[in-house]
file data.cif (mmCIF, N, CA and C atoms)
data_query
#
loop_
_atom_site.label_atom_id
_atom_site.label_comp_id
_atom_site.auth_asym_id
_atom_site.auth_seq_id
_atom_site.Cartn_x
_atom_site.Cartn_y
_atom_site.Cartn_z
N MET A 1246 -28.06 -51.40 103.71
CA MET A 1246 -27.81 -51.71 105.09
C MET A 1246 -29.09 -52.27 105.71
N ILE A 1247 -28.93 -53.39 106.34
CA ILE A 1247 -30.06 -54.04 107.00
C ILE A 1247 -30.00 -53.67 108.47
N ARG A 1248 -31.10 -53.22 108.91
CA ARG A 1248 -31.15 -52.77 110.30
C ARG A 1248 -31.93 -53.79 111.13
N LYS A 1249 -31.35 -54.20 112.20
CA LYS A 1249 -32.03 -55.12 113.11
C LYS A 1249 -33.03 -54.33 113.94
N SER A 1250 -34.20 -54.90 114.01
CA SER A 1250 -35.17 -54.22 114.86
C SER A 1250 -34.93 -54.64 116.30
N GLU A 1251 -35.13 -53.72 117.13
CA GLU A 1251 -34.94 -54.00 118.56
C GLU A 1251 -36.30 -54.07 119.23
N GLN A 1252 -36.43 -55.05 120.04
CA GLN A 1252 -37.65 -55.17 120.83
C GLN A 1252 -37.27 -55.11 122.29
N THR A 1253 -38.06 -54.38 122.98
CA THR A 1253 -37.81 -54.28 124.41
C THR A 1253 -38.88 -55.09 125.13
N ILE A 1254 -38.45 -56.02 125.88
CA ILE A 1254 -39.37 -56.81 126.70
C ILE A 1254 -39.17 -56.39 128.13
N ARG A 1255 -40.22 -55.91 128.68
CA ARG A 1255 -40.14 -55.48 130.07
C ARG A 1255 -40.82 -56.51 130.95
N ARG A 1256 -40.15 -56.88 131.92
CA ARG A 1256 -40.72 -57.79 132.91
C ARG A 1256 -41.07 -56.99 134.14
N THR A 1257 -42.31 -57.09 134.50
CA THR A 1257 -42.69 -56.43 135.74
C THR A 1257 -42.59 -57.47 136.84
N PRO A 1258 -41.95 -57.10 137.90
CA PRO A 1258 -41.81 -58.07 138.98
C PRO A 1258 -43.19 -58.44 139.54
N THR A 1259 -43.39 -59.73 139.75
CA THR A 1259 -44.68 -60.16 140.29
C THR A 1259 -44.73 -59.84 141.77
N ASN A 1260 -45.88 -59.48 142.17
CA ASN A 1260 -46.09 -59.15 143.57
C ASN A 1260 -46.45 -60.43 144.30
N ALA A 1261 -45.54 -60.94 145.09
CA ALA A 1261 -45.73 -62.21 145.79
C ALA A 1261 -46.96 -62.17 146.69
N LYS A 1262 -47.19 -61.03 147.31
CA LYS A 1262 -48.33 -60.90 148.22
C LYS A 1262 -49.65 -61.07 147.47
N SER A 1263 -49.75 -60.46 146.28
CA SER A 1263 -51.00 -60.59 145.53
C SER A 1263 -51.18 -62.01 145.00
N ASN A 1264 -50.08 -62.68 144.66
CA ASN A 1264 -50.17 -64.08 144.23
C ASN A 1264 -50.68 -64.96 145.36
N ILE A 1265 -50.23 -64.72 146.55
CA ILE A 1265 -50.68 -65.51 147.71
C ILE A 1265 -52.16 -65.26 147.96
N ILE A 1266 -52.59 -64.01 147.85
CA ILE A 1266 -54.00 -63.68 148.06
C ILE A 1266 -54.87 -64.38 147.02
N VAL A 1267 -54.45 -64.34 145.75
CA VAL A 1267 -55.21 -64.99 144.68
C VAL A 1267 -55.27 -66.50 144.93
N PHE A 1268 -54.15 -67.09 145.30
CA PHE A 1268 -54.09 -68.53 145.56
C PHE A 1268 -55.01 -68.91 146.72
N CYS A 1269 -54.93 -68.18 147.81
CA CYS A 1269 -55.78 -68.48 148.98
C CYS A 1269 -57.25 -68.31 148.66
N THR A 1270 -57.58 -67.28 147.89
CA THR A 1270 -58.97 -67.07 147.50
C THR A 1270 -59.48 -68.23 146.65
N ALA A 1271 -58.65 -68.70 145.72
CA ALA A 1271 -59.04 -69.83 144.88
C ALA A 1271 -59.26 -71.09 145.71
N ILE A 1272 -58.37 -71.35 146.66
CA ILE A 1272 -58.51 -72.52 147.54
C ILE A 1272 -59.79 -72.40 148.35
N PHE A 1273 -60.05 -71.24 148.92
CA PHE A 1273 -61.26 -71.02 149.72
C PHE A 1273 -62.51 -71.28 148.88
N CYS A 1274 -62.53 -70.77 147.65
CA CYS A 1274 -63.69 -70.98 146.78
C CYS A 1274 -63.89 -72.46 146.47
N LEU A 1275 -62.80 -73.18 146.22
CA LEU A 1275 -62.91 -74.61 145.96
C LEU A 1275 -63.45 -75.36 147.17
N ILE A 1276 -63.01 -74.99 148.35
CA ILE A 1276 -63.51 -75.64 149.57
C ILE A 1276 -65.00 -75.41 149.70
N ILE A 1277 -65.45 -74.18 149.49
CA ILE A 1277 -66.88 -73.86 149.58
C ILE A 1277 -67.67 -74.67 148.55
N ILE A 1278 -67.19 -74.71 147.33
CA ILE A 1278 -67.90 -75.43 146.26
C ILE A 1278 -68.00 -76.91 146.58
N PHE A 1279 -66.87 -77.53 146.96
CA PHE A 1279 -66.89 -78.97 147.23
C PHE A 1279 -67.68 -79.31 148.48
N SER A 1280 -67.64 -78.47 149.49
CA SER A 1280 -68.40 -78.78 150.70
C SER A 1280 -69.89 -78.65 150.45
N SER A 1281 -70.31 -77.71 149.61
CA SER A 1281 -71.74 -77.59 149.32
C SER A 1281 -72.21 -78.70 148.40
N CYS A 1282 -71.34 -79.18 147.52
CA CYS A 1282 -71.71 -80.29 146.64
C CYS A 1282 -71.79 -81.61 147.39
N SER A 1283 -70.96 -81.77 148.40
CA SER A 1283 -70.89 -83.05 149.08
C SER A 1283 -71.78 -83.13 150.30
N SER A 1284 -72.52 -82.06 150.62
CA SER A 1284 -73.37 -82.14 151.79
C SER A 1284 -74.53 -83.07 151.46
N ASP A 1285 -74.47 -84.25 152.03
CA ASP A 1285 -75.43 -85.29 151.72
C ASP A 1285 -76.58 -85.23 152.71
N LYS A 1286 -77.59 -84.49 152.35
CA LYS A 1286 -78.78 -84.46 153.18
C LYS A 1286 -79.63 -85.65 152.76
N GLY A 1287 -80.05 -86.43 153.72
CA GLY A 1287 -80.81 -87.63 153.41
C GLY A 1287 -82.29 -87.36 153.35
N GLY A 1288 -83.05 -88.36 153.80
CA GLY A 1288 -84.50 -88.27 153.77
C GLY A 1288 -85.05 -87.37 154.86
N GLU A 1289 -86.37 -87.36 154.95
CA GLU A 1289 -87.03 -86.52 155.94
C GLU A 1289 -87.16 -87.22 157.28
N ILE A 1290 -87.09 -86.44 158.33
CA ILE A 1290 -87.29 -86.93 159.70
C ILE A 1290 -88.26 -85.98 160.40
N SER A 1291 -88.78 -86.44 161.52
CA SER A 1291 -89.68 -85.61 162.32
C SER A 1291 -89.00 -85.32 163.66
N VAL A 1292 -88.99 -84.05 164.06
CA VAL A 1292 -88.39 -83.65 165.33
C VAL A 1292 -89.33 -82.68 166.04
N SER A 1293 -89.15 -82.56 167.34
CA SER A 1293 -89.93 -81.57 168.08
C SER A 1293 -88.98 -80.47 168.56
N LEU A 1294 -89.52 -79.27 168.65
CA LEU A 1294 -88.75 -78.11 169.09
C LEU A 1294 -89.52 -77.40 170.19
N LYS A 1295 -88.81 -77.12 171.28
CA LYS A 1295 -89.38 -76.34 172.37
C LYS A 1295 -88.41 -75.21 172.67
N ILE A 1296 -88.94 -74.01 172.82
CA ILE A 1296 -88.13 -72.85 173.21
C ILE A 1296 -88.72 -72.38 174.52
N GLU A 1297 -87.87 -72.30 175.55
CA GLU A 1297 -88.39 -72.00 176.88
C GLU A 1297 -87.41 -71.20 177.72
N THR A 1298 -87.97 -70.62 178.78
CA THR A 1298 -87.13 -70.04 179.83
C THR A 1298 -87.16 -71.05 180.97
N GLU A 1299 -86.60 -70.68 182.10
CA GLU A 1299 -86.63 -71.59 183.24
C GLU A 1299 -88.04 -71.72 183.82
N THR A 1300 -88.94 -70.82 183.46
CA THR A 1300 -90.29 -70.83 184.04
C THR A 1300 -91.42 -70.83 183.02
N GLU A 1301 -91.12 -70.66 181.74
CA GLU A 1301 -92.19 -70.46 180.76
C GLU A 1301 -91.84 -71.09 179.41
N ILE A 1302 -92.82 -71.74 178.78
CA ILE A 1302 -92.64 -72.25 177.42
C ILE A 1302 -93.01 -71.14 176.45
N LEU A 1303 -92.07 -70.75 175.60
CA LEU A 1303 -92.30 -69.68 174.64
C LEU A 1303 -92.85 -70.21 173.32
N ALA A 1304 -92.46 -71.43 172.95
CA ALA A 1304 -92.93 -72.05 171.71
C ALA A 1304 -92.73 -73.55 171.81
N GLU A 1305 -93.62 -74.29 171.17
CA GLU A 1305 -93.50 -75.74 171.13
C GLU A 1305 -94.14 -76.22 169.83
N THR A 1306 -93.41 -77.01 169.05
CA THR A 1306 -93.92 -77.42 167.75
C THR A 1306 -93.24 -78.70 167.28
N GLU A 1307 -93.86 -79.33 166.30
CA GLU A 1307 -93.28 -80.47 165.59
C GLU A 1307 -92.87 -79.97 164.21
N LEU A 1308 -91.71 -80.40 163.75
CA LEU A 1308 -91.22 -79.96 162.44
C LEU A 1308 -90.72 -81.15 161.64
N THR A 1309 -90.82 -81.02 160.33
CA THR A 1309 -90.20 -81.98 159.43
C THR A 1309 -88.83 -81.42 159.07
N ALA A 1310 -87.84 -82.27 159.14
CA ALA A 1310 -86.47 -81.84 158.85
C ALA A 1310 -85.83 -82.85 157.91
N LEU A 1311 -84.64 -82.56 157.50
CA LEU A 1311 -83.86 -83.49 156.69
C LEU A 1311 -82.88 -84.22 157.60
N GLU A 1312 -82.59 -85.48 157.27
CA GLU A 1312 -81.56 -86.19 158.02
C GLU A 1312 -80.30 -85.34 158.02
N ASN A 1313 -79.61 -85.36 159.10
CA ASN A 1313 -78.37 -84.59 159.30
C ASN A 1313 -78.59 -83.10 159.48
N ASP A 1314 -79.84 -82.63 159.52
CA ASP A 1314 -80.07 -81.26 159.95
C ASP A 1314 -79.60 -81.15 161.39
N THR A 1315 -79.33 -79.94 161.82
CA THR A 1315 -78.84 -79.71 163.18
C THR A 1315 -79.89 -78.96 163.99
N PRO A 1316 -79.74 -78.92 165.32
CA PRO A 1316 -80.66 -78.11 166.12
C PRO A 1316 -80.73 -76.66 165.64
N PHE A 1317 -79.60 -76.11 165.23
CA PHE A 1317 -79.62 -74.74 164.72
C PHE A 1317 -80.45 -74.63 163.44
N ASP A 1318 -80.31 -75.61 162.53
CA ASP A 1318 -81.12 -75.60 161.31
C ASP A 1318 -82.61 -75.57 161.64
N ILE A 1319 -83.00 -76.38 162.63
CA ILE A 1319 -84.41 -76.46 163.03
C ILE A 1319 -84.87 -75.14 163.65
N LEU A 1320 -84.05 -74.59 164.55
CA LEU A 1320 -84.39 -73.31 165.18
C LEU A 1320 -84.52 -72.22 164.13
N LYS A 1321 -83.58 -72.15 163.22
CA LYS A 1321 -83.61 -71.13 162.17
C LYS A 1321 -84.84 -71.29 161.29
N LYS A 1322 -85.16 -72.53 160.92
CA LYS A 1322 -86.34 -72.79 160.10
C LYS A 1322 -87.61 -72.33 160.82
N TYR A 1323 -87.71 -72.68 162.11
CA TYR A 1323 -88.88 -72.27 162.89
C TYR A 1323 -88.98 -70.74 162.95
N CYS A 1324 -87.87 -70.09 163.25
CA CYS A 1324 -87.88 -68.62 163.39
C CYS A 1324 -88.23 -67.94 162.07
N GLU A 1325 -87.74 -68.47 160.96
CA GLU A 1325 -88.07 -67.89 159.66
C GLU A 1325 -89.56 -68.06 159.35
N GLU A 1326 -90.08 -69.28 159.59
CA GLU A 1326 -91.49 -69.56 159.27
C GLU A 1326 -92.45 -68.79 160.17
N SER A 1327 -92.07 -68.59 161.43
CA SER A 1327 -92.96 -67.91 162.37
C SER A 1327 -92.64 -66.42 162.53
N GLU A 1328 -91.65 -65.95 161.78
CA GLU A 1328 -91.20 -64.56 161.85
C GLU A 1328 -90.80 -64.17 163.27
N THR A 1329 -90.11 -65.10 163.92
CA THR A 1329 -89.60 -64.89 165.27
C THR A 1329 -88.18 -64.34 165.19
N GLU A 1330 -87.88 -63.37 166.03
CA GLU A 1330 -86.54 -62.78 166.05
C GLU A 1330 -85.52 -63.81 166.52
N LEU A 1331 -84.45 -63.95 165.77
CA LEU A 1331 -83.35 -64.84 166.11
C LEU A 1331 -82.05 -64.09 165.89
N LYS A 1332 -81.22 -64.05 166.93
CA LYS A 1332 -79.89 -63.43 166.82
C LYS A 1332 -78.85 -64.51 167.02
N TYR A 1333 -77.89 -64.54 166.10
CA TYR A 1333 -76.81 -65.52 166.21
C TYR A 1333 -75.58 -64.99 165.50
N GLY A 1334 -74.47 -65.61 165.80
CA GLY A 1334 -73.22 -65.26 165.16
C GLY A 1334 -72.49 -66.52 164.76
N GLY A 1335 -71.52 -66.38 163.89
CA GLY A 1335 -70.76 -67.54 163.43
C GLY A 1335 -71.54 -68.32 162.39
N PHE A 1336 -71.01 -69.49 162.06
CA PHE A 1336 -71.67 -70.35 161.08
C PHE A 1336 -71.22 -71.78 161.30
N GLY A 1337 -71.95 -72.71 160.71
CA GLY A 1337 -71.60 -74.12 160.82
C GLY A 1337 -71.54 -74.58 162.26
N GLY A 1338 -70.50 -75.34 162.56
CA GLY A 1338 -70.35 -75.89 163.90
C GLY A 1338 -70.07 -74.86 164.97
N SER A 1339 -69.70 -73.65 164.58
CA SER A 1339 -69.36 -72.64 165.57
C SER A 1339 -70.45 -71.58 165.75
N VAL A 1340 -71.67 -71.89 165.31
CA VAL A 1340 -72.75 -70.91 165.45
C VAL A 1340 -73.06 -70.70 166.93
N TYR A 1341 -73.37 -69.45 167.29
CA TYR A 1341 -73.67 -69.10 168.68
C TYR A 1341 -75.00 -68.36 168.72
N ILE A 1342 -75.95 -68.90 169.48
CA ILE A 1342 -77.27 -68.29 169.62
C ILE A 1342 -77.18 -67.22 170.71
N SER A 1343 -77.45 -65.97 170.35
CA SER A 1343 -77.38 -64.91 171.36
C SER A 1343 -78.76 -64.35 171.73
N GLY A 1344 -79.79 -64.62 170.90
CA GLY A 1344 -81.11 -64.11 171.25
C GLY A 1344 -82.22 -64.80 170.48
N ILE A 1345 -83.33 -65.07 171.17
CA ILE A 1345 -84.54 -65.62 170.56
C ILE A 1345 -85.72 -64.89 171.22
N PHE A 1346 -86.72 -64.55 170.42
CA PHE A 1346 -87.90 -63.84 170.93
C PHE A 1346 -87.54 -62.54 171.64
N GLY A 1347 -86.43 -61.92 171.28
CA GLY A 1347 -86.02 -60.68 171.92
C GLY A 1347 -85.39 -60.86 173.29
N LEU A 1348 -85.21 -62.11 173.70
CA LEU A 1348 -84.56 -62.42 174.97
C LEU A 1348 -83.11 -62.75 174.66
N ASN A 1349 -82.20 -61.88 175.08
CA ASN A 1349 -80.81 -61.96 174.66
C ASN A 1349 -79.88 -62.35 175.80
N GLU A 1350 -78.73 -62.86 175.39
CA GLU A 1350 -77.71 -63.19 176.39
C GLU A 1350 -77.45 -61.96 177.25
N PHE A 1351 -77.17 -62.17 178.50
CA PHE A 1351 -76.84 -61.15 179.49
C PHE A 1351 -78.03 -60.26 179.89
N ASP A 1352 -79.23 -60.51 179.35
CA ASP A 1352 -80.40 -59.72 179.76
C ASP A 1352 -80.71 -59.92 181.24
N ASP A 1353 -80.42 -61.11 181.76
CA ASP A 1353 -80.71 -61.41 183.17
C ASP A 1353 -79.44 -61.70 183.96
N GLY A 1354 -78.37 -61.00 183.64
CA GLY A 1354 -77.14 -61.16 184.39
C GLY A 1354 -75.99 -61.66 183.53
N PRO A 1355 -74.79 -61.64 184.09
CA PRO A 1355 -73.59 -61.96 183.31
C PRO A 1355 -73.48 -63.43 182.90
N SER A 1356 -74.26 -64.31 183.51
CA SER A 1356 -74.20 -65.73 183.15
C SER A 1356 -75.45 -66.20 182.41
N SER A 1357 -76.31 -65.27 182.03
CA SER A 1357 -77.55 -65.67 181.36
C SER A 1357 -77.32 -65.83 179.86
N GLY A 1358 -78.09 -66.73 179.28
CA GLY A 1358 -77.98 -66.98 177.84
C GLY A 1358 -78.71 -68.25 177.45
N TRP A 1359 -78.50 -68.66 176.22
CA TRP A 1359 -79.21 -69.80 175.65
C TRP A 1359 -78.35 -71.06 175.65
N ILE A 1360 -78.95 -72.16 176.08
CA ILE A 1360 -78.33 -73.48 175.97
C ILE A 1360 -79.30 -74.34 175.17
N TYR A 1361 -78.85 -75.51 174.75
CA TYR A 1361 -79.79 -76.40 174.09
C TYR A 1361 -79.56 -77.83 174.54
N LEU A 1362 -80.63 -78.61 174.47
CA LEU A 1362 -80.60 -80.02 174.85
C LEU A 1362 -81.23 -80.83 173.72
N VAL A 1363 -80.78 -82.06 173.58
CA VAL A 1363 -81.41 -82.99 172.65
C VAL A 1363 -81.79 -84.22 173.45
N ASN A 1364 -83.06 -84.56 173.42
CA ASN A 1364 -83.61 -85.70 174.17
C ASN A 1364 -83.28 -85.60 175.66
N GLY A 1365 -83.36 -84.38 176.19
CA GLY A 1365 -83.15 -84.15 177.62
C GLY A 1365 -81.70 -84.12 178.06
N GLU A 1366 -80.78 -84.27 177.13
CA GLU A 1366 -79.35 -84.29 177.45
C GLU A 1366 -78.67 -83.04 176.93
N PHE A 1367 -77.79 -82.48 177.76
CA PHE A 1367 -76.97 -81.35 177.35
C PHE A 1367 -76.05 -81.83 176.23
N ALA A 1368 -76.06 -81.16 175.11
CA ALA A 1368 -75.28 -81.60 173.95
C ALA A 1368 -73.79 -81.36 174.17
N ASP A 1369 -72.98 -82.23 173.59
CA ASP A 1369 -71.54 -82.16 173.75
C ASP A 1369 -70.84 -81.39 172.63
N ARG A 1370 -71.63 -80.70 171.80
CA ARG A 1370 -71.07 -79.90 170.70
C ARG A 1370 -72.02 -78.77 170.35
N GLY A 1371 -71.60 -77.90 169.48
CA GLY A 1371 -72.41 -76.74 169.12
C GLY A 1371 -73.69 -77.10 168.40
N ALA A 1372 -74.67 -76.21 168.46
CA ALA A 1372 -75.98 -76.45 167.87
C ALA A 1372 -75.94 -76.55 166.35
N GLY A 1373 -74.87 -76.11 165.74
CA GLY A 1373 -74.72 -76.22 164.29
C GLY A 1373 -73.90 -77.42 163.88
N ASN A 1374 -73.58 -78.28 164.85
CA ASN A 1374 -72.70 -79.41 164.57
C ASN A 1374 -73.22 -80.71 165.18
N TYR A 1375 -74.53 -80.80 165.39
CA TYR A 1375 -75.13 -81.97 166.03
C TYR A 1375 -76.16 -82.56 165.07
N PRO A 1376 -75.83 -83.66 164.38
CA PRO A 1376 -76.78 -84.24 163.43
C PRO A 1376 -77.98 -84.85 164.15
N LEU A 1377 -79.16 -84.51 163.70
CA LEU A 1377 -80.38 -85.00 164.34
C LEU A 1377 -80.85 -86.31 163.73
N GLN A 1378 -81.65 -87.02 164.52
CA GLN A 1378 -82.25 -88.27 164.07
C GLN A 1378 -83.75 -88.18 164.23
N ASP A 1379 -84.46 -89.07 163.55
CA ASP A 1379 -85.92 -89.07 163.62
C ASP A 1379 -86.38 -89.19 165.07
N GLY A 1380 -87.32 -88.35 165.45
CA GLY A 1380 -87.90 -88.39 166.79
C GLY A 1380 -87.17 -87.59 167.84
N ASP A 1381 -86.06 -86.95 167.48
CA ASP A 1381 -85.31 -86.16 168.47
C ASP A 1381 -86.16 -85.01 169.00
N GLU A 1382 -85.96 -84.73 170.29
CA GLU A 1382 -86.64 -83.62 170.95
C GLU A 1382 -85.59 -82.56 171.28
N ILE A 1383 -85.75 -81.39 170.69
CA ILE A 1383 -84.79 -80.30 170.85
C ILE A 1383 -85.40 -79.25 171.77
N VAL A 1384 -84.62 -78.81 172.74
CA VAL A 1384 -85.05 -77.74 173.63
C VAL A 1384 -83.98 -76.66 173.64
N PHE A 1385 -84.38 -75.43 173.32
CA PHE A 1385 -83.52 -74.27 173.52
C PHE A 1385 -84.05 -73.60 174.77
N ARG A 1386 -83.18 -73.47 175.77
CA ARG A 1386 -83.60 -72.95 177.08
C ARG A 1386 -82.78 -71.72 177.44
N TYR A 1387 -83.48 -70.67 177.84
CA TYR A 1387 -82.82 -69.48 178.34
C TYR A 1387 -82.59 -69.67 179.83
N VAL A 1388 -81.34 -69.57 180.25
CA VAL A 1388 -80.99 -69.77 181.67
C VAL A 1388 -80.37 -68.49 182.22
N THR A 1389 -80.56 -68.28 183.52
CA THR A 1389 -79.97 -67.11 184.16
C THR A 1389 -78.59 -67.43 184.72
N GLU A 1390 -78.33 -68.68 184.98
CA GLU A 1390 -77.02 -69.16 185.41
C GLU A 1390 -76.69 -70.38 184.57
N PHE A 1391 -75.50 -70.43 184.00
CA PHE A 1391 -75.13 -71.59 183.20
C PHE A 1391 -75.07 -72.82 184.09
N TYR A 1392 -75.61 -73.89 183.59
CA TYR A 1392 -75.57 -75.14 184.34
C TYR A 1392 -75.64 -76.31 183.37
N THR A 1393 -75.32 -77.48 183.87
CA THR A 1393 -75.46 -78.70 183.09
C THR A 1393 -76.66 -79.45 183.64
N PRO A 1394 -77.72 -79.59 182.85
CA PRO A 1394 -78.94 -80.25 183.34
C PRO A 1394 -78.71 -81.71 183.71
#
call {"tool": "encode", "arguments": {"input": "data.cif", "output": "structure tokens"}}
result
Amino acid sequence: MIRKSEQTIRRTPTNAKSNIIVFCTAIFCLIIIFSSCSSDKGGEISVSLKIETETEILAETELTALENDTPFDILKKYCEESETELKYGGFGGSVYISGIFGLNEFDDGPSSGWIYLVNGEFADRGAGNYPLQDGDEIVFRYVTEFYTP
């Protein structure tokens, strides 16, 4: 007598939620990889940086930067090199400066905080989303009342 062997194949139901999480994670990783590979930083440029309050200059310097660096890149570079306290949140174009030199938003009232200007003009986008050019003058100013210069 020949006996047929029986095999049991068990299928475990796939968890759709975990598949979606894995898929989204893979897409996110690809976006990060491709965006870091394609960030085309050009040659070097020279920019000036001033950090001030409405009444006092806290720092003033000239820095070498890369083309397409942003005011935030310059501020962060300065703060790292000079060991100056810098508080910020977010990243990229949505970065928000909340404190420099220990002077923080709301320290001088509900409308106080940091703004920035490039070449004397109030910028029309975030400090992490403004490509700089050679000779640009960047000012980070602590104001007690928000205003447009």
call {"tool": "atom_distance", "arguments": {"input": "data.cif", "atom1": "CA of Ser1291 (chain A)", "atom2": "CA of Pro1316 (chain A)"}}
result
12.3 Å
call {"tool": "atom_distance", "arguments": {"input": "data.cif", "atom1": "CA of Asp1352 (chain A)", "atom2": "CA of Thr1389 (chain A)"}}
result
8.6 Å
call {"tool": "resolve_selection", "arguments": {"input": "data.cif", "expression": "the PyMOL selection byres ((chain A and resi 1371-1382) around 5)", "output": "ChimeraX atom specification"}}
result
/A:1290-1293,1313-1317,1337-1338,1363-1364,1369-1370,1383-1384
call {"tool": "closest_residue", "arguments": {"input": "data.cif", "among": "A:Glu1299, A:Glu1312, A:Asp1353, A:Glu1326", "to": "Tyr1387 (chain A)", "atoms": "only C-alpha atoms"}}
result
A:Glu1299
call {"tool": "select_by_dssp", "arguments": {"input": "data.cif", "residues": "region 1278-1339 of chain A", "states": "strand (DSSP E or B)", "output": "JSON, numbers by chain"}}
result
{"A": [1289, 1290, 1291, 1292, 1293, 1294, 1295, 1296, 1297, 1302, 1303, 1304, 1305, 1306, 1307, 1308, 1309, 1310, 1311, 1331, 1332, 1333, 1334]}
call {"tool": "atom_distance", "arguments": {"input": "data.cif", "atom1": "CA of Thr1298 (chain A)", "atom2": "CA of Tyr1361 (chain A)"}}
result
11.3 Å
call {"tool": "resolve_selection", "arguments": {"input": "data.cif", "expression": "the PyMOL selection byres (((chain A and resi 1327-1331 and name CA) around 10) and name CA)", "output": "list of chain:residue names"}}
result
A:Leu1320, A:Lys1321, A:Lys1322, A:Tyr1323, A:Cys1324, A:Glu1325, A:Glu1326, A:Lys1332, A:Tyr1333, A:Ile1342, A:Ser1343, A:Gly1344, A:Ile1345, A:Phe1346, A:Gly1347, A:Leu1348, A:Asn1349
call {"tool": "residues_around", "arguments": {"input": "data.cif", "residues": "Val1388 (chain A)", "least_positions_apart": "5", "cutoff": "7 Å", "atoms": "all atoms listed in the file", "output": "VMD selection string"}}
result
chain A and resid 1297 to 1299 1356 to 1360
